[in-house]
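Take a look at the structure below.
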Amino acid sequence: MDILPIAVALLLVWLLRRYFHYFSVLYTLSRIPGVPFLKYHWLLGNMPCFLDRSYILYEVVPQLTETQHRIRRISVGLLRFPGIVLSHPDTVATILKTSTPKNMFNYGLLLPFIGDGLLLSSGKKWARDRRLLTHAFHFNILQEYTPLLHDSCQVLIDKLNKHINNPETQRQTV
């Protein structure tokens with residue numbers, strides 16, 4: 001019995017499943033409004049914009065925060081891989097609070113920097129860590145730190161005010 005036709009058939013079935021899954025995700029995300037002011041390339045999607053960090057920081061982020069849409073769709077890469085940009089703290093909080101498994105393709109970039117803590121963990125480990133941390137951030141405990149936070153914010157505001165009218169700090173490339 002020749003195994004090559006069976007292997008080819010299984011490969012085709014797998015490719016078809018991936019193809020239909022990819023386009024079902026694309027269809028679902030196509031109902032989310034895109035980012036109209038992002039530069040769009042016919043082949044690479046929005047990826048060329050993300051190579052210019054100053055464009056993202058000084059043009060895209062301020063416009064995203066000014067719109068009424070909390071979720072925007074982007075497309076990145078050669079196959080226009082779909083992505084989502086969240087621009088409201090409540091929306092981000094909803095996503096970060098979930099215990100559903102995290103997509104390590106995206107979150108994996110953070111792993112070397114912040115480790116496998118509450119943000120990157122999932123399942124039982126996430127539930128245990130969340131339960132342990134909930135009491136540490138109770139409102140009554142955080143009230144003790146209000147004066148310290150106020151003083152720290154005032155120091156930050158003073159430092160930022162020094163740089164507002166300085167032409168050297170206006171629009172520096174990051």
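So you can find residues: chains in the structure tokens are A, B, ... in the order shown, residues in each start at 1, and ligands are numbered from 1 in order.
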
* To do: Please return as a list in words: the residues of chain A that backbone DSSP assigns to strand (DSSP E or B).
  => Gly34, His41, Gly45, Ile71, Arg72, Arg73, Ile74, Ser75, Val76, Phe81, Pro82, Gly83, Ile84, Val85 and Leu86 of chain A

* Asked: Can you list, as an MDAnalysis selection string, every protein, DNA or RNA residue that comes within 12 Å of segment 30-47 of chain A when you count only C-alpha atoms, leaving out same-chain residues fewer than 4 positions away?
  -> chainID A and resid 23:26 51:53 55:56 59:65 67:87

* Asked: Leaving out Arg130 of chain A and any residue of its chain fewer than 6 positions from it, which residues lie within 10 Å of it when counting only C-alpha atoms, given as an MDAnalysis selection string?
  -> chainID A and resid 97 99 117:119 124

Please produce a file of the residues just selected, as a compact mmCIF listing (two decimals), in the first residue's frame, where the atoms kept are N, CA and C atoms.
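Okay, selection_27.txt is ready:
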# COMPACT_ATOMS: atom_id res chain seq x y z
N LYS A 97 -8.67 40.97 32.04
CA LYS A 97 -9.27 40.30 33.19
C LYS A 97 -9.67 38.86 32.89
N SER A 99 -9.75 34.94 31.98
CA SER A 99 -8.87 33.82 32.28
C SER A 99 -8.73 32.89 31.08
N GLY A 117 3.56 36.03 34.78
CA GLY A 117 2.77 36.51 35.92
C GLY A 117 1.30 36.49 35.60
N LEU A 118 0.57 37.38 36.23
CA LEU A 118 -0.88 37.43 36.10
C LEU A 118 -1.31 37.74 34.67
N LEU A 119 -0.59 38.60 33.98
CA LEU A 119 -0.96 38.99 32.62
C LEU A 119 -0.81 37.83 31.64
N LYS A 124 -5.67 27.63 35.84
CA LYS A 124 -5.62 27.54 37.30
C LYS A 124 -4.57 28.48 37.90

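Rounded to one decimal, atom CA of Phe50 of chain A and atom CA of Lys159 of chain A lie 28.8 Å from each other.
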
* alpha helix (DSSP H) per DSSP on the backbone: members of segment 25-163 of chain A, as a PyMOL selection string -> chain A and resi 25-30+47-50+53-55+61-66+89-97+104-107+111-114+123-134+139-143+146-163
